[in-house]
Amino acid sequence: MKKNTIIIGTGAYIPPNIVRNADFCQERFYTEKQEPFTVENKEIIQKFYEITGIQERRYLDDDMKNSDMATEAAIEAIKDAGIDKETLDYIIVAHNFGDIKKNTIQTNILPSLASRVKYRLEINNPNCIAYDLIFGCPGWVQALIHAKSFIDSGLANRILVIGSESLSRVLDMHDRDSMIYSDGAGAVILEGIHSPDKKGILGHAAQSNTLNEAYYLYLGQSFMKDSDPAIRYIKMNGRKIYNYALTNVPVAMQKCLENSGVHIDEVKKVFIHQANEKMDEAMILRFYKLFGQDEPPQYIMPMSIHKLGNSSVATVPTLFHLVKTGQLENHVLNEGDVVLFASVGAGMNINAVAYKL
Ligand SMILES: CC(C)(COP(=O)(O)OP(=O)(O)OC[C@H]1O[C@@H](n2cnc3c(N)ncnc32)[C@H](O)[C@@H]1OP(=O)(O)O)[C@@H](O)C(=O)NCCC(=O)NCCS
């Protein structure tokens, strides 16, 4: 009998507040050099839509914080798994900015978000270890790798893994790139289960590239003229990220399949970080080209970016939850399907996990 790491429950929190592209018409966008754009916002937004595919995104309620979203996703995953919350051995929360109260600029990670979630879930068990994982957007996928290692080693048997981010609290509304970002949370419960076949997490690949890449995503001053240099917002070098992702993510996905002993034709879905549509499509195309295939199979890559934007660590678990629960048109999952989770983000970090349902 093999001990497998199986996802036994999923959950997500998708904030109800929809922010449409047209809502950015009133903003004043500036270039990196703090100069106003000469083109009208309408044109910038149209171009943004053509590149990213994003029509709308979600922002959390003013009175909510990141850990509140994480807790909501966790409650749903625990319910879906039908488990007693006191039996959890670990809670791992992937995020990058902690809790930030609306209209404040201070990240709060004391205590950790995992502690806050455990508190909100009212878990008594002191042997349920709660910690945070900061790994850029690939944090949730990396937490799956942690969970599998803990389960394989016998350190734990039941683990709650959450990806949660409130990017709307770190946006420079004068930077057109801010339109990419969104809020949300996704969660899964993983369990070590003995079965005759190998299933669950089959293998993984990950890399951290820092020599040239460490500051492709960073905190920086607002693009608005004469802005306060002491206040910092999420910033990115989009072109460099794009090229980095295209060069490295497909290779990591290929390595992951190799490590997992999975043939490319067995892959039924690729749950890739919802960064932006153009980049995701280019990555999946390049991935299949590595195997000599010019066209990826139809419906291989579920997408939520059009309506949910880029919610960092939350995109992959949310997307998986939506497909698993039949909420995404043209996408179903069946017992025995092999899927890939893959991500890229600040660090720069990349990773991929192969999973058999
Ligand atoms: C940001 C990104 C969309 C810009 O595309 P690009 O082709 O590299 O950027 P360029 O600077 O060459 O600009 C191309 C065109 O898009 C426009 N553009 C760039 N960023 C834009 C934005 N955020 N909104 C609107 N238009 C934008 C430019 O003005 C330019 O327009 P033009 O062709 O009319 O001159 C692209 O680099 C990208 O997808 N990067 C990855 C970003 C990402 O996913 N980050 C999250 C990481 S987890």
# chains A, B, ... in the order shown; residues from 1 in each chain; ligands from 1
>>> residues_near_ligand(ligand="ligand 1", cutoff="8 Å", atoms="only C-alpha atoms and all ligand atoms", output="PyMOL selection string")
chain A and resi 43-49+51-52+136-137+175-180+217+236-243+273-279+310+312+344-346
>>> select_by_dssp(residues="segment 45-195 of chain A", states="strand (DSSP E)", output="ChimeraX atom specification")
/A:56-59,90-94,129-133,158-166,183-195
>>> residues_around(residues="Leu257 of chain A", least_positions_apart="5", cutoff="8 Å", atoms="only C-alpha atoms", output="PyMOL selection string")
chain A and resi 203-204+262-264+354
>>> select_by_dssp(residues="segment 48-209 of chain A", states="alpha helix (DSSP H)", output="number ranges by chain")
A: 48-52, 66-81, 113-120, 139-153
>>> closest_residue(among="A:Leu333, A:Leu190, A:Ile300, A:Ala252", to="Asp80 of chain A", atoms="only C-alpha atoms")
A:Leu190
>>> residues_around(residues="segment 116-119 of chain A", least_positions_apart="3", cutoff="9 Å", atoms="only C-alpha atoms", output="PDB file with N, CA, C and O atoms, in the first residue's frame")
ATOM      1  N   SER A  67      -6.807  37.930   6.379  1.00  0.00           N
ATOM      2  CA  SER A  67      -7.023  36.698   7.165  1.00  0.00           C
ATOM      3  C   SER A  67      -8.504  36.350   7.278  1.00  0.00           C
ATOM      4  O   SER A  67      -8.851  35.185   7.503  1.00  0.00           O
ATOM      5  N   ASP A  68      -9.386  37.347   7.114  1.00  0.00           N
ATOM      6  CA  ASP A  68     -10.827  37.052   7.118  1.00  0.00           C
ATOM      7  C   ASP A  68     -11.196  36.236   5.874  1.00  0.00           C
ATOM      8  O   ASP A  68     -11.981  35.283   5.951  1.00  0.00           O
ATOM      9  N   ALA A  70      -9.100  34.376   4.180  1.00  0.00           N
ATOM     10  CA  ALA A  70      -8.459  33.066   4.367  1.00  0.00           C
ATOM     11  C   ALA A  70      -9.338  32.162   5.228  1.00  0.00           C
ATOM     12  O   ALA A  70      -9.508  30.971   4.948  1.00  0.00           O
ATOM     13  N   THR A  71      -9.914  32.758   6.286  1.00  0.00           N
ATOM     14  CA  THR A  71     -10.763  31.980   7.202  1.00  0.00           C
ATOM     15  C   THR A  71     -12.016  31.469   6.476  1.00  0.00           C
ATOM     16  O   THR A  71     -12.405  30.307   6.637  1.00  0.00           O
ATOM     17  N   ALA A  74     -11.144  28.634   4.316  1.00  0.00           N
ATOM     18  CA  ALA A  74     -10.830  27.467   5.152  1.00  0.00           C
ATOM     19  C   ALA A  74     -12.109  26.793   5.660  1.00  0.00           C
ATOM     20  O   ALA A  74     -12.219  25.567   5.654  1.00  0.00           O
ATOM     21  N   ILE A  91      -1.621  24.205   9.703  1.00  0.00           N
ATOM     22  CA  ILE A  91      -2.300  25.206   8.873  1.00  0.00           C
ATOM     23  C   ILE A  91      -1.190  26.033   8.239  1.00  0.00           C
ATOM     24  O   ILE A  91      -0.372  26.644   8.946  1.00  0.00           O
ATOM     25  N   VAL A  93      -0.531  29.134   5.637  1.00  0.00           N
ATOM     26  CA  VAL A  93      -1.167  30.209   4.858  1.00  0.00           C
ATOM     27  C   VAL A  93      -0.101  30.883   3.988  1.00  0.00           C
ATOM     28  O   VAL A  93       0.855  31.482   4.500  1.00  0.00           O
ATOM     29  N   PRO A 111       0.122  38.548  15.068  1.00  0.00           N
ATOM     30  CA  PRO A 111       0.680  37.231  14.754  1.00  0.00           C
ATOM     31  C   PRO A 111       0.529  36.908  13.262  1.00  0.00           C
ATOM     32  O   PRO A 111      -0.099  37.658  12.517  1.00  0.00           O
ATOM     33  N   SER A 112       1.068  35.760  12.897  1.00  0.00           N
ATOM     34  CA  SER A 112       1.001  35.306  11.505  1.00  0.00           C
ATOM     35  C   SER A 112      -0.456  35.143  11.078  1.00  0.00           C
ATOM     36  O   SER A 112      -1.356  34.982  11.917  1.00  0.00           O
ATOM     37  N   LEU A 113      -0.685  35.155   9.785  1.00  0.00           N
ATOM     38  CA  LEU A 113      -2.060  34.953   9.304  1.00  0.00           C
ATOM     39  C   LEU A 113      -2.554  33.552   9.669  1.00  0.00           C
ATOM     40  O   LEU A 113      -3.733  33.362   9.971  1.00  0.00           O
ATOM     41  N   GLU A 122     -11.348  28.781  15.877  1.00  0.00           N
ATOM     42  CA  GLU A 122     -11.514  28.320  17.270  1.00  0.00           C
ATOM     43  C   GLU A 122     -11.002  26.892  17.456  1.00  0.00           C
ATOM     44  O   GLU A 122     -11.664  26.033  18.034  1.00  0.00           O
ATOM     45  N   ILE A 123      -9.809  26.645  16.906  1.00  0.00           N
ATOM     46  CA  ILE A 123      -9.187  25.324  17.070  1.00  0.00           C
ATOM     47  C   ILE A 123      -8.427  25.303  18.407  1.00  0.00           C
ATOM     48  O   ILE A 123      -7.581  26.156  18.667  1.00  0.00           O
ATOM     49  N   ASN A 124      -8.729  24.325  19.245  1.00  0.00           N
ATOM     50  CA  ASN A 124      -8.084  24.201  20.560  1.00  0.00           C
ATOM     51  C   ASN A 124      -6.745  23.487  20.495  1.00  0.00           C
ATOM     52  O   ASN A 124      -5.834  23.794  21.248  1.00  0.00           O
ATOM     53  N   CYS A 128      -1.757  21.494  16.513  1.00  0.00           N
ATOM     54  CA  CYS A 128      -2.021  21.985  15.151  1.00  0.00           C
ATOM     55  C   CYS A 128      -1.103  23.196  14.950  1.00  0.00           C
ATOM     56  O   CYS A 128      -1.310  24.258  15.536  1.00  0.00           O
ATOM     57  N   ALA A 130       0.613  26.286  13.162  1.00  0.00           N
ATOM     58  CA  ALA A 130       0.156  27.294  12.191  1.00  0.00           C
ATOM     59  C   ALA A 130       1.326  28.182  11.794  1.00  0.00           C
ATOM     60  O   ALA A 130       1.969  28.780  12.652  1.00  0.00           O
TER      61      ALA A 130
END
>>> closest_residue(among="A:Arg232, A:Lys42, A:Arg57, A:Lys2", to="Asp183 of chain A", atoms="only C-alpha atoms")
A:Arg57
>>> residues_around(residues="Val251 of chain A", least_positions_apart="2", cutoff="12 Å", atoms="only C-alpha atoms", output="list in words")
Ala205, Ala206, Gln207, Tyr244, Ala245, Leu246, Thr247, Asn248, Val249, Met253, Gln254, Lys255, Cys256, Leu257, Glu258, Met283, Ile284, Leu285, Arg286, Phe287, Tyr288, Lys289, Leu290, Phe291, Ala342, Ile350, Asn351 and Ala352 of chain A
>>> atom_distance(atom1="atom CA of Lys102 of chain A", atom2="atom CA of Ile18 of chain A")
17.0 Å
>>> residues_around(residues="segment 7-13 of chain A", least_positions_apart="2", cutoff="7 Å", atoms="only C-alpha atoms", output="list in words")
Thr5, Pro15, Met69, Glu72, Ala73, Ala74, Glu76, Ala77, Ile78, Asp80, Ala81, Gly184, Ala185, Gly186, Ala187, Val188, Ile189, Leu190, Glu191, Gly200, Thr318 and His321 of chain A
>>> closest_residue(among="A:Gly98, A:Gly163, A:Gly261, A:Pro250", to="Ile201 of chain A", atoms="only C-alpha atoms")
A:Gly261
>>> closest_residue(among="A:Ser164, A:Ile231, A:Leu322, A:Ile75", to="Arg120 of chain A", atoms="only C-alpha atoms")
A:Ile75
